[in-house]
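A.B. asks: Below are the structure tokens for one structure; questions will follow.
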Amino acid sequence: MKQILLTFSFFWVILAFSQELKSPSEFLGYKLGTEFTPHYRVEDYYQHVANSRPEQVQLQTYGQTYEGRPLLLAYLSTAANMNNLEQIRKEHLKSLEGNSEAEKAIVWLSYNVHGNESVSTEASMQTIYELLTSKSSYLDNTIVIMDPAINPDGRDRYVNWYKQYRNRPNQVDPNSVEHHEGWWSGRSNHYMFDLNRDWAWLTQVESQQRLKKYNQWLPHIHVDFHEQGVNEPYYFAPAAEPYHEVITDFQRDFQETIGKNHARYFDANGWFYFTKEVFDLLYPSYGDTYPTYNGAIGMTYEQGGSGRAGLGVITREGDTLTLQDRIAHHLTTGLSTVEVASKNAGVLNESFEKYYRDRSYKYNSYVLSGNRDQLDALADLLDQHQIKYGAGTGTNISGYNYRQQKNGSSKADASSMVISTDQTKGNLVKVLFEPNAKLSDSLTYDITAWSLPYAYGLETVASEKLVPSAVYKKQDTGGNSLDKATYAYVSDWNSMKDARFLASLLQQGIKVRYAQKPFRMEGKSFERGSLIITRADNANQPDFIKRLGNTARQFSKELVAVSTGFVDSGKDFGSSSVELILPPKVAVLGGEPTSTLRFGEVWHFFEQQLEYPLTVLHADYWNRVNLDEYDVLVLPDGRGYKSLLDDKLRERLSSWVSQGGNLIVMGNAISALSDTPEFSVKARKMEGDSTGNSVKPYGEGEREYIKNAITGAIFKTKVDPTHPLAYGYGDTYYTLKLGNDRFEFLDGGTVVYMEDETKPIAGFAGSQAQKNRENTLIFGVQEKGRGNMIYLADNPLFRGFWENGKLFFANALFMVN
């Protein structure tokens with residue numbers, strides 16, 4: 001009898017817990033979908049759920065955003081599963097080695113990666129509630145991991161903006177201001193990066209912290225919840241072509257299985273949707289593709305609405321789309337996803353294990369050599385992805401040579417890096433390192449080339465054999481033992497590590513010179529751009545040697561001590577060819593018409609990569625700023641510069657440059673200055689299509705358009721390494737080209753350029769676009785009075801991952817004068 005009473009009491013305790021769980025509407029005090037919920041209140045609700053169902057929910061803070069908002073994960077399942085959660089995780093990961101007895105399905109649901117695609121976080125709250133109440137049976141054999149807001153900074157930016165500008169009651173007229181965000185929308189994170197394109201490159205703290213947790217689980221299914229245009233119906237899997245070739249038949253088929261289950265619910269409600277269009281599975285840095293290349297069923301779900309929809313808006317068809325409608329759609333696909341996973345837990349585990357077992361590659365090893373700083377930077381990225389690598393052992397190898405674009409031979413010596421596909425992350429290695437991704441369709445949603453050997457500027461051979469390797473050790477000089485009596489210290493200049501080292505010295509007031517000519521002394525050779533720190537320049541600097549040594553240790557920089565300024569060959573240290581680097585005061589233009597993404601790349605470069613101060617001048621008032629206070633002004637890429645840079649402003653900029661300013665002009669900003677009286681850069685005319693005026697079928701219009709398109713392709717270009725803009729580079733640079741703007745060579749200042757070799761070495765470029773690349777400028781410098789116009793037609797800072805382009809930008813700051 002006593003046992004019965006205890007059991008009965010326990011039952012009522014559990015029932016009390018479930019009765020305490022409130023729905024989002026009950027907890028928040030308003031009906032879900034009638035207001036936007038700020039991030040701190042979303043946190044409160046998830047904490048409430050965890051407190052109400054502690055036996056079923058674990059809440060974890062896995063990091064912070066740049067603005068200090070917490071990043072959350074909620075783990076939920078049955079009480080029995082949660083009590084055994086760590087063992088379930090470990091058993092699941094045994095699948096990577098092919099010896100797992102896992103039975104549970106692992107589903108990861110990610111919400112609000114784009115801050116103004118705000119419905120998904122609202123839907124997440126209802127989803128976790130339903131999974132713990134009406135749909136709790138789905139959890140019997142399923143672990144669900146929920147990230148309610150990948151991008152809290154962007155979400156709060158949108159929510160706060162909407163609260164400021166909305167009508168009361170909200171206005172469904174799409175012309176009302178509440179449907180028109182300003183220049184800095186809520187889509188991006190703090191540095192205006194698109195977090196949905198950062199999964200592979202990990203430039204942002206949100207991505208870096210999330211991936212640590214993702215790699216601890218490697219779920220069977222990962223869903224990224226999005227929104228698209230107001231007038232678009234709902235999109236769900238299966239995805240569009242092109243699919244990357246490593247994607248398995250099972251992954252493709254299971255997308256269709258999930259899509260058909262979604263369709264069943266959408267059909268019953270009379271909701272419109274589409275599949276197999278627009279959103280492909282190729283570019284590796286998305287929230288659907290990156291998980292897919294790690295064995296998951298990775299999917300994007302897209303609800304119509306985004307930042308335009310607000311709480312409700314009239315669509316093109318005359319219907320009113322409400323936030324409650326949008327929540328219902330995301331709730332349905334979220335629950336449907338977990339339902340399908342629960343019903344197919346066995347096959348998901350079996351196929352996941354097979355994904356890591358049954359693999360075949362053309363190339364089984366990638367051997368990279370070259371700049372050691374670049375190799376170490378790549379090693380840092382690989383560590384975050386848990387990709388294994390080693391050092392060469394002196395083996396002779398043969399295979400595809402990336403630079404020569406043909407088969408050749410080489411040696412994998414101790415200074416090279418060897419990355420094999422014979423590892424857990426083998427598929428990801430192939431995707432990130434293969435010379436050229438195979439395209440099943442040239443109509444894609446994003447860039448079509450990203451090969452890391454080109455992005456890091458490394459000599460690479462892809463071998464069909466497994467190349468043996470030893471332990472790879474990153475550089476760690478431990479710092480030199482510096483002597484205050486030494487005449488000078490010399491450091492090389494060929495990487496972003498060198499640029500960070502210089503930026504730190506300049507901010508400490510340590511004076512640094514650089515060599516404009518190669519020189520040799522005391523048995524060592526030094527290239528153009530080499531940094532020279534002399535005792536005489538810093539005689540009045542307190543603790544100069546101590547601070548120099550500490551900075552060298554911080555950046556693992558080896559300093560070469562020299563006892564004289566008299567060189568064996570080249571220019572002595574007192575020559576006019578050895579110039580003092582004056583710390584530039586830098587400003588960047590923000591606001592319309594700059595692109596938020598392109599502006600953000602510059603902002604992030606200065607603050608998080610170079611760690612050098614930057615002043616942001618907004619377009620609303622920059623014409624009233626005294627530009628003489630700045631040495632460098634950056635005009636990021638963007639549309640609409642011609643309307644901003646009227647005759648008066650162009651004349652003002654021209655005068656400022658002539659008096660000694662350096663103007664860095666990027667992308668489409670160059671077009672606004674081309675063919676104007678003040679600036680000599682000229683747009684290159686486009687050749688006509690050889691097909692002439694022949695009739696083209698209407699249905700083939702998209703195919704005709706891409707003849708002139710370049711969808712993120714890699715091109716081989718020539719470099720003048722004697723120019724200060726190219727210090728630290730050789731005679732070849734691989735550029736990632738996204739646009740089709742073309743500019744003529746400059747007189748005397750063409751630094752990086754294309755001549756007649758216009759076929760991309762990786763990625764897609766239309767036939768006509770290739771023809772129009774002949775004899776075009778990539779990077780160049782136009783001297784103007786005492787200053788310089790620095791033109792960057794391609795973007796060396798694109799998404800923060802094109803590592804080998806960043807030194808060009810550093811040269812523009814410190815070396816061009």
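Letters for chains follow the order of the structure tokens (A, B, ...), residue numbers begin at 1 for each chain, and ligand numbers begin at 1 in the order shown.
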Taking the chain letters and numbering used in this document, name the residues of segment 484-574 of chain A that DSSP puts in alpha helix (DSSP H), as a list in words.
C.D. replies: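 Output for segment 484-574 of chain A, alpha helix (DSSP H) only: Met496, Lys497, Asp498, Ala499, Arg500, Phe501, Leu502, Ala503, Ser504, Leu505, Leu506, Gln507, Phe544, Ile545, Lys546, Arg547, Leu548, Gly549, Asn550, Thr551, Ala552, Arg553 and Gln554 of chain A.
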A.B. asks: Please provide the set of residues having any atom within 12 Å of Asp543 of chain A, restricted to only C-alpha atoms, with same-chain residues fewer than 5 positions apart removed, written as a list in words.
C.D. replies: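 Listed by chain and then number, they are Leu482, Asp483, Lys484, Gln508, Gly509, Ile510, Arg535, Asn538, Leu548, Gly549 and Asn550 of chain A.
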A.B. asks: Could you pull the residues within 9 Å of segment 222-227 of chain A, counting only C-alpha atoms, minus those fewer than 6 positions along the same chain, as a ChimeraX atom specification?
C.D. replies: /A:106-114,116-121,196,234,286-288,291-292,296-307,330,334,337
A.B. asks: Those residues with N, CA and C atoms, as a compact mmCIF listing (two decimals), in the first residue's frame please?
C.D. replies:
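The resulting again19.txt:
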# COMPACT_ATOMS: atom_id res chain seq x y z
N ILE A 106 18.56 12.36 -33.94
CA ILE A 106 19.03 13.65 -33.43
C ILE A 106 18.62 14.72 -34.43
N VAL A 107 17.79 15.66 -33.98
CA VAL A 107 17.28 16.73 -34.84
C VAL A 107 17.69 18.07 -34.25
N TRP A 108 18.31 18.92 -35.07
CA TRP A 108 18.75 20.26 -34.64
C TRP A 108 17.96 21.29 -35.44
N LEU A 109 17.25 22.17 -34.75
CA LEU A 109 16.44 23.20 -35.38
C LEU A 109 17.05 24.57 -35.07
N SER A 110 17.45 25.30 -36.11
CA SER A 110 18.09 26.61 -35.95
C SER A 110 17.17 27.71 -36.45
N TYR A 111 17.00 28.75 -35.63
CA TYR A 111 16.06 29.82 -35.94
C TYR A 111 16.77 31.18 -36.00
N ASN A 112 16.24 32.04 -36.87
CA ASN A 112 16.58 33.47 -36.89
C ASN A 112 18.06 33.75 -37.13
N VAL A 113 18.65 33.06 -38.11
CA VAL A 113 20.02 33.39 -38.50
C VAL A 113 20.07 34.76 -39.16
N HIS A 114 18.98 35.14 -39.82
CA HIS A 114 18.82 36.51 -40.32
C HIS A 114 17.84 37.22 -39.39
N ASN A 116 16.07 39.96 -39.25
CA ASN A 116 14.75 40.49 -39.60
C ASN A 116 13.85 39.44 -40.22
N GLU A 117 14.31 38.20 -40.30
CA GLU A 117 13.44 37.07 -40.64
C GLU A 117 12.93 36.52 -39.32
N SER A 118 12.14 37.38 -38.67
CA SER A 118 11.93 37.29 -37.24
C SER A 118 10.87 36.28 -36.82
N VAL A 119 10.10 35.78 -37.75
CA VAL A 119 9.01 34.88 -37.36
C VAL A 119 9.53 33.60 -36.75
N SER A 120 10.72 33.16 -37.18
CA SER A 120 11.13 31.81 -36.77
C SER A 120 11.36 31.71 -35.26
N THR A 121 11.91 32.74 -34.63
CA THR A 121 12.08 32.70 -33.17
C THR A 121 10.74 32.63 -32.48
N ASN A 196 24.41 33.21 -42.25
CA ASN A 196 24.04 32.01 -43.01
C ASN A 196 25.07 31.69 -44.09
N TYR A 234 5.50 29.38 -49.38
CA TYR A 234 6.48 28.70 -48.51
C TYR A 234 7.36 27.78 -49.35
N TYR A 286 26.55 27.40 -45.96
CA TYR A 286 25.17 27.63 -45.55
C TYR A 286 24.78 26.74 -44.38
N GLY A 287 23.66 27.09 -43.75
CA GLY A 287 23.12 26.27 -42.68
C GLY A 287 22.44 25.01 -43.16
N ASP A 288 22.30 24.84 -44.47
CA ASP A 288 21.81 23.54 -44.98
C ASP A 288 22.96 22.72 -45.57
N PRO A 291 25.90 21.34 -42.76
CA PRO A 291 25.47 20.10 -42.10
C PRO A 291 25.37 18.92 -43.06
N THR A 292 24.95 19.17 -44.29
CA THR A 292 24.84 18.08 -45.27
C THR A 292 26.20 17.46 -45.52
N ALA A 296 24.43 15.15 -42.32
CA ALA A 296 23.05 15.41 -41.95
C ALA A 296 22.14 15.52 -43.17
N ILE A 297 20.87 15.51 -42.90
CA ILE A 297 19.88 15.97 -43.88
C ILE A 297 19.73 17.45 -43.61
N GLY A 298 20.45 18.27 -44.36
CA GLY A 298 20.45 19.71 -44.14
C GLY A 298 19.42 20.38 -45.02
N MET A 299 18.61 21.24 -44.42
CA MET A 299 17.50 21.85 -45.18
C MET A 299 17.28 23.30 -44.77
N THR A 300 16.84 24.07 -45.73
CA THR A 300 16.37 25.45 -45.52
C THR A 300 14.86 25.46 -45.70
N TYR A 301 14.17 26.12 -44.78
CA TYR A 301 12.74 26.37 -44.94
C TYR A 301 12.55 27.88 -45.06
N GLU A 302 11.77 28.30 -46.04
CA GLU A 302 11.60 29.73 -46.32
C GLU A 302 10.12 30.11 -46.30
N GLN A 303 9.77 30.97 -45.36
CA GLN A 303 8.43 31.52 -45.26
C GLN A 303 8.40 32.90 -45.92
N GLY A 304 7.37 33.23 -46.63
CA GLY A 304 7.23 34.57 -47.19
C GLY A 304 7.06 35.59 -46.07
N GLY A 305 7.72 36.74 -46.20
CA GLY A 305 7.52 37.79 -45.21
C GLY A 305 8.74 38.66 -45.00
N SER A 306 9.69 38.16 -44.23
CA SER A 306 10.93 38.86 -43.92
C SER A 306 10.64 40.20 -43.26
N GLY A 307 11.60 41.15 -43.36
CA GLY A 307 11.46 42.43 -42.69
C GLY A 307 10.35 43.30 -43.24
N HIS A 330 5.80 27.90 -40.06
CA HIS A 330 7.07 27.41 -39.51
C HIS A 330 6.83 26.38 -38.40
N GLY A 334 8.34 22.58 -38.64
CA GLY A 334 9.20 22.16 -37.54
C GLY A 334 8.70 20.87 -36.91
N THR A 337 9.03 17.90 -39.27
CA THR A 337 10.41 17.40 -39.36
C THR A 337 10.70 16.42 -38.23
A.B. asks: When you count only C-alpha atoms, which of these residues is closest to Gly574 of chain A: A:Ser767, A:Gln209, A:Ser463, A:Thr534?
C.D. replies: A:Thr534
A.B. asks: Write out as an MDAnalysis selection string which residues come within 6 Å of segment 742-749 of chain A when counting only C-alpha atoms, dropping same-chain ones fewer than 2 positions away.
C.D. replies: chainID A and resid 682:684 751 776:777 780:782
A.B. asks: Selected residues, N, CA, C and O atoms, written as an mmCIF file, in the first residue's frame, please.
C.D. replies:
data_model
loop_
_atom_site.group_PDB
_atom_site.id
_atom_site.type_symbol
_atom_site.label_atom_id
_atom_site.label_comp_id
_atom_site.auth_asym_id
_atom_site.auth_seq_id
_atom_site.Cartn_x
_atom_site.Cartn_y
_atom_site.Cartn_z
ATOM 1 N N LYS A 682 38.984 54.411 -66.196
ATOM 2 C CA LYS A 682 38.001 54.323 -67.290
ATOM 3 C C LYS A 682 37.339 52.955 -67.293
ATOM 4 O O LYS A 682 37.994 51.929 -67.120
ATOM 5 N N ALA A 683 36.029 52.969 -67.477
ATOM 6 C CA ALA A 683 35.295 51.713 -67.623
ATOM 7 C C ALA A 683 35.618 51.107 -68.984
ATOM 8 O O ALA A 683 35.768 51.819 -69.980
ATOM 9 N N ARG A 684 35.750 49.799 -69.021
ATOM 10 C CA ARG A 684 36.039 49.102 -70.274
ATOM 11 C C ARG A 684 34.727 48.725 -70.945
ATOM 12 O O ARG A 684 33.824 48.169 -70.318
ATOM 13 N N VAL A 751 48.498 47.173 -61.014
ATOM 14 C CA VAL A 751 49.237 46.293 -60.104
ATOM 15 C C VAL A 751 48.810 44.837 -60.265
ATOM 16 O O VAL A 751 49.636 43.942 -60.365
ATOM 17 N N THR A 776 41.852 43.737 -68.289
ATOM 18 C CA THR A 776 41.079 44.484 -67.297
ATOM 19 C C THR A 776 41.840 44.592 -65.984
ATOM 20 O O THR A 776 42.643 43.739 -65.616
ATOM 21 N N LEU A 777 41.548 45.661 -65.274
ATOM 22 C CA LEU A 777 42.184 45.976 -64.005
ATOM 23 C C LEU A 777 41.524 45.204 -62.872
ATOM 24 O O LEU A 777 40.295 45.119 -62.795
ATOM 25 N N GLY A 780 44.691 48.542 -58.627
ATOM 26 C CA GLY A 780 45.634 49.512 -59.178
ATOM 27 C C GLY A 780 45.700 50.779 -58.360
ATOM 28 O O GLY A 780 44.843 51.042 -57.505
ATOM 29 N N VAL A 781 46.744 51.574 -58.630
ATOM 30 C CA VAL A 781 46.966 52.836 -57.910
ATOM 31 C C VAL A 781 47.210 53.950 -58.915
ATOM 32 O O VAL A 781 48.053 53.827 -59.805
ATOM 33 N N GLN A 782 46.475 55.015 -58.774
ATOM 34 C CA GLN A 782 46.640 56.204 -59.606
ATOM 35 C C GLN A 782 47.201 57.323 -58.724
ATOM 36 O O GLN A 782 46.558 57.765 -57.767
#
A.B. asks: Find the residue from A:Arg210, A:His190, A:Glu353, A:Ile545 that sits nearest to Thr61 of chain A; use only C-alpha atoms when measuring.
C.D. replies: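 Counting only C-alpha atoms, the residue closest to Thr61 of chain A is A:Arg210.
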A.B. asks: Using only C-alpha atoms, find the one residue out of A:Tyr129, A:Phe606, A:Trp656, A:Phe254 that sits nearest to Met496 of chain A.
C.D. replies: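 When distances to Met496 of chain A are compared using only C-alpha atoms, the smallest one comes from A:Phe606.
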A.B. asks: Taking the chain letters and numbering used in this document, name the residues of segment 358-472 of chain A that DSSP puts in strand (DSSP E or B), as number ranges by chain.
C.D. replies: A: 365-369, 390-391, 395-401, 406-412, 417-420, 459-463, 470
A.B. asks: Could you state the separation of atom CA of Lys135 of chain A and atom CA of Thr333 of chain A in Å, given to one decimal place?
C.D. replies: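 These two atoms are separated by 13.2 Å.
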A.B. asks: Restricting the calculation to only C-alpha atoms, which member of A:Asp741, A:Glu91, A:Glu130, A:Glu522 is positioned closest to Pro24 of chain A?
C.D. replies: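 Nearest candidate to Pro24 of chain A out of A:Asp741, A:Glu91, A:Glu130, A:Glu522: A:Glu130.
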A.B. asks: Just checking: using only C-alpha atoms, which residue out of A:Ser100, A:Thr596, A:Ser525, A:Thr395 ends up closest to Gly182 of chain A?
C.D. replies: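 Ranked by minimum distance to Gly182 of chain A, first place goes to A:Thr596.
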A.B. asks: Between atom CA of Glu26 of chain A and atom CA of Gln64 of chain A, what is the spacing in Å?
C.D. replies: 28.2 Å
A.B. asks: So that I can check the surroundings of Ser420 of chain A, please list as a list of chain:residue names every protein, DNA and RNA residue that reaches within 10 Å of it, counting only C-alpha atoms and ignoring chain neighbours fewer than 4 positions away.
C.D. replies: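 Selected residues are A:Tyr363, A:Asn364, A:Ser365, A:Tyr366, A:Val367, A:Ile387, A:Lys388, A:Tyr389, A:Gly390, A:Lys425, A:Gly426, A:Val429, A:Lys430, A:Ala462, A:Ser463, A:Lys465, A:Leu466, A:Val467, A:Pro468, A:Ser469.
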A.B. asks: Go ahead and save the picked residues with N, CA, C and O atoms, as a compact mmCIF listing (two decimals), in the first residue's frame.
C.D. replies:
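Dumped to result.txt:
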# COMPACT_ATOMS: atom_id res chain seq x y z
N TYR A 363 40.70 12.39 -55.39
CA TYR A 363 41.91 12.81 -54.70
C TYR A 363 41.81 12.43 -53.23
O TYR A 363 40.81 12.75 -52.57
N ASN A 364 42.84 11.79 -52.72
CA ASN A 364 42.82 11.32 -51.34
C ASN A 364 43.75 12.10 -50.42
O ASN A 364 43.68 11.93 -49.21
N SER A 365 44.60 12.93 -51.00
CA SER A 365 45.46 13.78 -50.18
C SER A 365 45.67 15.12 -50.88
O SER A 365 45.76 15.17 -52.12
N TYR A 366 45.76 16.16 -50.08
CA TYR A 366 46.09 17.50 -50.57
C TYR A 366 47.36 17.95 -49.86
O TYR A 366 47.41 17.98 -48.62
N VAL A 367 48.37 18.27 -50.64
CA VAL A 367 49.65 18.69 -50.08
C VAL A 367 49.85 20.16 -50.38
O VAL A 367 49.91 20.56 -51.56
N ILE A 387 39.16 19.08 -38.54
CA ILE A 387 39.79 18.42 -39.68
C ILE A 387 41.25 18.17 -39.33
O ILE A 387 41.96 19.08 -38.92
N LYS A 388 41.68 16.93 -39.49
CA LYS A 388 43.05 16.56 -39.14
C LYS A 388 44.01 16.89 -40.29
O LYS A 388 43.64 16.82 -41.46
N TYR A 389 45.23 17.21 -39.93
CA TYR A 389 46.26 17.54 -40.90
C TYR A 389 47.62 17.19 -40.31
O TYR A 389 47.75 16.97 -39.09
N GLY A 390 48.62 17.10 -41.15
CA GLY A 390 49.95 16.77 -40.69
C GLY A 390 51.00 17.46 -41.52
O GLY A 390 50.69 18.26 -42.42
N LYS A 425 36.10 13.72 -41.21
CA LYS A 425 35.61 14.85 -41.99
C LYS A 425 36.07 14.77 -43.46
O LYS A 425 36.26 15.79 -44.10
N GLY A 426 36.25 13.57 -43.99
CA GLY A 426 36.77 13.41 -45.35
C GLY A 426 35.94 14.09 -46.41
O GLY A 426 36.47 14.70 -47.34
N VAL A 429 36.58 17.73 -46.29
CA VAL A 429 37.88 18.01 -46.89
C VAL A 429 37.77 18.11 -48.40
O VAL A 429 38.28 19.05 -49.01
N LYS A 430 37.09 17.15 -49.01
CA LYS A 430 36.94 17.19 -50.46
C LYS A 430 36.23 18.47 -50.90
O LYS A 430 36.67 19.15 -51.84
N ALA A 462 47.06 17.92 -55.51
CA ALA A 462 46.04 16.95 -55.09
C ALA A 462 46.46 15.59 -55.61
O ALA A 462 46.58 15.38 -56.82
N SER A 463 46.68 14.67 -54.70
CA SER A 463 47.17 13.34 -55.06
C SER A 463 46.06 12.30 -54.94
O SER A 463 45.23 12.37 -54.01
N LYS A 465 46.66 9.34 -54.19
CA LYS A 465 47.12 8.41 -53.17
C LYS A 465 47.09 9.06 -51.80
O LYS A 465 47.06 10.28 -51.66
N LEU A 466 47.11 8.21 -50.77
CA LEU A 466 47.24 8.72 -49.41
C LEU A 466 48.70 9.03 -49.14
O LEU A 466 49.56 8.15 -49.26
N VAL A 467 48.98 10.27 -48.79
CA VAL A 467 50.36 10.71 -48.56
C VAL A 467 50.64 10.63 -47.07
O VAL A 467 49.88 11.18 -46.26
N PRO A 468 51.71 9.95 -46.67
CA PRO A 468 52.01 9.86 -45.23
C PRO A 468 52.35 11.22 -44.64
O PRO A 468 52.84 12.11 -45.34
N SER A 469 52.10 11.36 -43.35
CA SER A 469 52.37 12.65 -42.71
C SER A 469 52.83 12.45 -41.27
O SER A 469 52.59 11.39 -40.66
A.B. asks: Counting only C-alpha atoms, which of A:Glu317, A:Glu434, A:Glu122, A:Asp492 gets nearest to Ile761 of chain A?
C.D. replies: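 Comparing A:Glu317, A:Glu434, A:Glu122, A:Asp492 against Ile761 of chain A, the winner is A:Glu434.
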A.B. asks: Could I get the residues of segment 331-446 of chain A with an atom no further than 12 Å from an atom of segment 714-724 of chain A, each paired with its nearest atom pair and that distance in Å to one decimal, using only C-alpha atoms, sorted by chain and residue number, as a tab-separated table?
C.D. replies:
residue	atom	partner	partner_atom	distance
A:Tyr402	CA	A:Lys716	CA	10.7
A:Arg403	CA	A:Lys716	CA	8.8
A:Gln404	CA	A:Lys716	CA	10.6
A:Gln405	CA	A:Lys716	CA	10.6
A:Pro435	CA	A:Ile714	CA	10.3
A:Asn436	CA	A:Ile714	CA	9.4
A:Ala437	CA	A:Ile714	CA	11.5
A.B. asks: Please dump the current selection as a short mmCIF file (atom, residue, chain, number, x, y, z; two decimals), in the first residue's frame; keep N, CA and C atoms.
C.D. replies:
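And here's selection.cif as it stands now:
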data_model
loop_
_atom_site.label_atom_id
_atom_site.label_comp_id
_atom_site.auth_asym_id
_atom_site.auth_seq_id
_atom_site.Cartn_x
_atom_site.Cartn_y
_atom_site.Cartn_z
N TYR A 402 47.72 22.78 -58.66
CA TYR A 402 46.75 23.85 -58.75
C TYR A 402 47.26 25.04 -59.55
N ARG A 403 48.50 25.40 -59.35
CA ARG A 403 49.04 26.57 -60.06
C ARG A 403 49.20 26.28 -61.55
N GLN A 404 49.72 25.10 -61.88
CA GLN A 404 49.96 24.76 -63.29
C GLN A 404 48.71 24.26 -63.99
N GLN A 405 47.70 23.90 -63.18
CA GLN A 405 46.43 23.38 -63.70
C GLN A 405 46.63 22.15 -64.58
N PRO A 435 39.93 21.10 -56.42
CA PRO A 435 40.30 22.20 -57.33
C PRO A 435 39.10 22.96 -57.87
N ASN A 436 38.04 22.24 -58.19
CA ASN A 436 36.90 22.87 -58.83
C ASN A 436 35.67 22.03 -58.58
N ALA A 437 34.67 22.58 -57.91
CA ALA A 437 33.45 21.82 -57.62
C ALA A 437 32.70 21.52 -58.91
#
A.B. asks: With a distance cut-off of 10 Å and only C-alpha atoms, select the neighbouring residues of Gln47 of chain A, excluding the residue or stretch itself and same-chain residues fewer than 3 positions from it, and output the selection as an MDAnalysis selection string.
C.D. replies: chainID A and resid 41:44 50:54 57:60 74
A.B. asks: Which residues are near Thr477 of chain A? Cut-off 8 Å, only C-alpha atoms, ignore same chain within fewer than 6 positions. Put them as a PyMOL selection string.
C.D. replies: chain A and resi 553+556-558
A.B. asks: What is the atom CA of Ala713 of chain A to atom CA of Trp450 of chain A distance in Å?
C.D. replies: 8.0 Å
